[in-house]
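Engineer: Below you'll find query39.pdb; it's PDB, C-alpha atoms.
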ATOM      1  CA  MET L   1      14.918 -74.914  20.639  1.00  0.00           C
ATOM      2  CA  ASP L   2      12.594 -72.695  18.586  1.00  0.00           C
ATOM      3  CA  VAL L   3      14.507 -70.728  15.952  1.00  0.00           C
ATOM      4  CA  MET L   4      12.838 -68.108  13.793  1.00  0.00           C
ATOM      5  CA  GLN L   5      14.136 -66.378  10.694  1.00  0.00           C
ATOM      6  CA  ALA L   6      14.230 -62.607  11.073  1.00  0.00           C
ATOM      7  CA  SER L   7      15.799 -59.713   9.219  1.00  0.00           C
ATOM      8  CA  ALA L   8      17.636 -56.506   9.969  1.00  0.00           C
ATOM      9  CA  TYR L   9      15.822 -53.171  10.062  1.00  0.00           C
ATOM     10  CA  LYS L  10      17.277 -49.688   9.716  1.00  0.00           C
ATOM     11  CA  LYS L  11      15.862 -46.216   9.897  1.00  0.00           C
ATOM     12  CA  CYS L  12      16.963 -44.566   6.628  1.00  0.00           C
ATOM     13  CA  LYS L  13      16.950 -44.982   2.871  1.00  0.00           C
ATOM     14  CA  SER L  14      17.826 -48.466   1.739  1.00  0.00           C
ATOM     15  CA  ASN L  15      21.366 -47.899   0.424  1.00  0.00           C
ATOM     16  CA  GLU L  16      22.577 -45.673   3.278  1.00  0.00           C
ATOM     17  CA  ILE L  17      23.927 -46.367   6.738  1.00  0.00           C
ATOM     18  CA  GLY L  18      21.055 -46.022   9.199  1.00  0.00           C
ATOM     19  CA  ASP L  19      20.499 -43.758  12.169  1.00  0.00           C
ATOM     20  CA  SER L  20      19.340 -46.724  14.218  1.00  0.00           C
ATOM     21  CA  TYR L  21      18.851 -50.432  13.701  1.00  0.00           C
ATOM     22  CA  GLY L  22      16.505 -53.170  14.798  1.00  0.00           C
ATOM     23  CA  ILE L  23      15.330 -56.707  14.176  1.00  0.00           C
ATOM     24  CA  ARG L  24      12.186 -57.333  12.135  1.00  0.00           C
ATOM     25  CA  ILE L  25      10.071 -60.362  12.982  1.00  0.00           C
ATOM     26  CA  HIS L  26       7.790 -62.186  10.542  1.00  0.00           C
ATOM     27  CA  LEU L  27       4.152 -61.660  11.502  1.00  0.00           C
ATOM     28  CA  LYS L  28       3.529 -65.374  11.997  1.00  0.00           C
ATOM     29  CA  ASP L  29       6.495 -65.579  14.387  1.00  0.00           C
ATOM     30  CA  ARG L  30       5.431 -62.417  16.201  1.00  0.00           C
ATOM     31  CA  ASP L  31       2.024 -63.956  16.803  1.00  0.00           C
ATOM     32  CA  ARG L  32       3.515 -67.307  17.869  1.00  0.00           C
ATOM     33  CA  TYR L  33       6.437 -66.269  20.105  1.00  0.00           C
ATOM     34  CA  PHE L  34       5.482 -62.829  21.463  1.00  0.00           C
ATOM     35  CA  ASN L  35       2.825 -61.926  24.022  1.00  0.00           C
ATOM     36  CA  LYS L  36       0.795 -58.718  23.693  1.00  0.00           C
ATOM     37  CA  GLU L  37       1.120 -58.191  27.437  1.00  0.00           C
ATOM     38  CA  TRP L  38       4.900 -57.813  27.182  1.00  0.00           C
ATOM     39  CA  LYS L  39       6.131 -54.206  27.240  1.00  0.00           C
ATOM     40  CA  GLN L  40       9.721 -55.290  26.637  1.00  0.00           C
ATOM     41  CA  ILE L  41      11.824 -58.320  25.783  1.00  0.00           C
ATOM     42  CA  GLU L  42      15.286 -59.547  26.733  1.00  0.00           C
ATOM     43  CA  VAL L  43      17.653 -60.405  23.901  1.00  0.00           C
ATOM     44  CA  GLU L  44      20.998 -62.090  24.394  1.00  0.00           C
ATOM     45  CA  ILE L  45      23.562 -60.715  21.961  1.00  0.00           C
ATOM     46  CA  ASP L  46      27.048 -62.251  22.081  1.00  0.00           C
ATOM     47  CA  GLY L  47      26.516 -63.451  25.644  1.00  0.00           C
ATOM     48  CA  ILE L  48      25.167 -60.156  27.037  1.00  0.00           C
ATOM     49  CA  THR L  49      21.462 -59.615  27.717  1.00  0.00           C
ATOM     50  CA  TYR L  50      19.859 -56.355  26.559  1.00  0.00           C
ATOM     51  CA  ILE L  51      16.325 -55.082  27.088  1.00  0.00           C
ATOM     52  CA  PHE L  52      14.320 -53.775  24.132  1.00  0.00           C
ATOM     53  CA  PRO L  53      10.904 -52.110  24.425  1.00  0.00           C
ATOM     54  CA  LEU L  54       8.015 -53.340  22.294  1.00  0.00           C
ATOM     55  CA  THR L  55       6.128 -50.372  20.886  1.00  0.00           C
ATOM     56  CA  ASN L  56       2.462 -50.286  19.890  1.00  0.00           C
ATOM     57  CA  GLY L  57       3.684 -50.390  16.299  1.00  0.00           C
ATOM     58  CA  PHE L  58       5.163 -53.841  16.935  1.00  0.00           C
ATOM     59  CA  TRP L  59       1.606 -55.182  17.070  1.00  0.00           C
ATOM     60  CA  ASN L  60       0.518 -53.279  13.954  1.00  0.00           C
ATOM     61  CA  LYS L  61       2.515 -52.770  10.778  1.00  0.00           C
ATOM     62  CA  CYS L  62       6.020 -52.444  12.299  1.00  0.00           C
ATOM     63  CA  PRO L  63       6.939 -55.825  13.812  1.00  0.00           C
ATOM     64  CA  GLU L  64      10.465 -54.928  14.819  1.00  0.00           C
ATOM     65  CA  PHE L  65      12.241 -54.147  18.032  1.00  0.00           C
ATOM     66  CA  ARG L  66      14.781 -51.343  17.858  1.00  0.00           C
ATOM     67  CA  GLU L  67      17.913 -50.370  19.695  1.00  0.00           C
ATOM     68  CA  HIS L  68      18.236 -47.174  21.681  1.00  0.00           C
ATOM     69  CA  THR L  69      20.264 -44.599  19.742  1.00  0.00           C
ATOM     70  CA  ASN L  70      22.561 -44.148  22.752  1.00  0.00           C
ATOM     71  CA  LEU L  71      23.194 -47.922  22.947  1.00  0.00           C
ATOM     72  CA  PRO L  72      23.779 -49.155  19.365  1.00  0.00           C
ATOM     73  CA  VAL L  73      24.181 -52.860  20.147  1.00  0.00           C
ATOM     74  CA  ILE L  74      22.293 -54.099  17.080  1.00  0.00           C
ATOM     75  CA  ARG L  75      24.285 -51.745  14.867  1.00  0.00           C
ATOM     76  CA  LYS L  76      27.567 -53.096  16.263  1.00  0.00           C
ATOM     77  CA  TRP L  77      26.351 -56.688  15.888  1.00  0.00           C
ATOM     78  CA  LEU L  78      25.291 -56.117  12.271  1.00  0.00           C
ATOM     79  CA  GLN L  79      28.602 -54.423  11.517  1.00  0.00           C
ATOM     80  CA  GLN L  80      30.484 -57.426  12.929  1.00  0.00           C
ATOM     81  CA  TYR L  81      28.426 -60.276  11.440  1.00  0.00           C
ATOM     82  CA  LYS L  82      26.453 -58.856   8.506  1.00  0.00           C
ATOM     83  CA  THR L  83      26.410 -55.316   7.029  1.00  0.00           C
ATOM     84  CA  LEU L  84      25.029 -51.842   7.779  1.00  0.00           C
ATOM     85  CA  GLN L  85      23.996 -51.200   4.159  1.00  0.00           C
ATOM     86  CA  TRP L  86      21.730 -53.177   1.878  1.00  0.00           C
ATOM     87  CA  GLU L  87      19.549 -52.811  -1.186  1.00  0.00           C
ATOM     88  CA  LYS L  88      15.874 -52.035  -0.822  1.00  0.00           C
ATOM     89  CA  ASN L  89      13.854 -55.099   0.236  1.00  0.00           C
ATOM     90  CA  LYS L  90      17.057 -57.171   0.712  1.00  0.00           C
ATOM     91  CA  PRO L  91      17.980 -56.809   4.395  1.00  0.00           C
ATOM     92  CA  PRO L  92      20.416 -59.244   5.999  1.00  0.00           C
ATOM     93  CA  GLN L  93      18.749 -62.393   7.289  1.00  0.00           C
ATOM     94  CA  LEU L  94      19.444 -63.695  10.773  1.00  0.00           C
ATOM     95  CA  LYS L  95      18.134 -66.060  13.406  1.00  0.00           C
ATOM     96  CA  LEU L  96      16.328 -65.292  16.627  1.00  0.00           C
ATOM     97  CA  VAL L  97      16.067 -68.117  19.153  1.00  0.00           C
ATOM     98  CA  PHE L  98      13.063 -68.164  21.473  1.00  0.00           C
ATOM     99  CA  LEU L  99      14.288 -69.055  24.958  1.00  0.00           C
ATOM    100  CA  GLY L 100      10.899 -68.681  26.646  1.00  0.00           C
ATOM    101  CA  SER L 101       9.000 -66.045  28.608  1.00  0.00           C
ATOM    102  CA  GLY L 102      10.093 -62.928  26.719  1.00  0.00           C
ATOM    103  CA  LYS L 103      13.703 -64.042  26.290  1.00  0.00           C
ATOM    104  CA  PHE L 104      15.514 -64.471  22.979  1.00  0.00           C
ATOM    105  CA  ARG L 105      19.010 -64.985  21.554  1.00  0.00           C
ATOM    106  CA  LEU L 106      20.289 -63.312  18.370  1.00  0.00           C
ATOM    107  CA  LEU L 107      22.392 -65.458  16.002  1.00  0.00           C
ATOM    108  CA  PRO L 108      24.077 -64.675  12.657  1.00  0.00           C
TER     109      PRO L 108
END
Please, can you express the file's structure as structure tokens?

Structural biologist:
Amino acid sequence: MDVMQASAYKKCKSNEIGDSYGIRIHLKDRDRYFNKEWKQIEVEIDGITYIFPLTNGFWNKCPEFREHTNLPVIRKWLQQYKTLQWEKNKPPQLKLVFLGSGKFRLLP
């Protein structure tokens, strides 16, 4: 089982609750476990599989996948297992398991 360290991402100032949330991948892990041909990935969160799009920014300077604002599953997960607020440059750390072929599992 390939497990990568990742961190939370939020769209707002560092000490506020965000408008939307995501999972940021280290560049080395992005290059190792993600395929540029993928337009989306499947992520299992607490036993339920969700689909997240990979934007062009994912392959540039923004290596994170983000939740849809109308389906705040990452926000709810962070609220349950981590936190929705953190200091600048100190986001919660988490694990992302590579299951193969564009499929992942999120772990606290």

Engineer: To one decimal place, how far is CA of Leu94 in chain L from CA of Gln40 in chain L in Å?

Structural biologist: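 For CA of Leu94 in chain L relative to CA of Gln40 in chain L, the distance reads 20.4 Å.
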
Engineer: Got a sec: who's within 10 Å of range 51-59 of chain L, counting only C-alpha atoms, leaving out chain neighbours fewer than 3 positions off, as a list in words?

Structural biologist: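 Neighbouring residues, sequence-local ones excluded: Gly22, Arg24, Ile25, Leu27, Arg30, Asp31, Phe34, Asn35, Lys36, Glu37, Trp38, Lys39, Gln40, Ile41, Glu42, Val43, Glu44, Cys62, Pro63, Glu64, Phe65, Arg66, Glu67, His68 and Lys103 of chain L.
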
Engineer: Counting all atoms listed in the file, which residue out of L:Trp77, L:Pro92, L:Gln85, L:Ser101 sits closest to Gly47 in chain L?

Structural biologist: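 Among the listed residues, the smallest separation from Gly47 in chain L belongs to L:Trp77.
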
Engineer: Run the PyMOL selection byres ((chain L and resi 46) around 12) mentally over the shown coordinates, then write out the matched residues as a VMD selection string, using the chain letters and numbers from the document.

Structural biologist: chain L and resid 43 to 45 47 to 50 73 to 74 76 to 78 80 to 81 104 to 108

Engineer: Could you spell out the hits of the PyMOL selection byres ((chain L and resi 87) around 12) on the shown file, as number ranges by chain?

Structural biologist: L: 8-10, 12-17, 83-86, 88-92
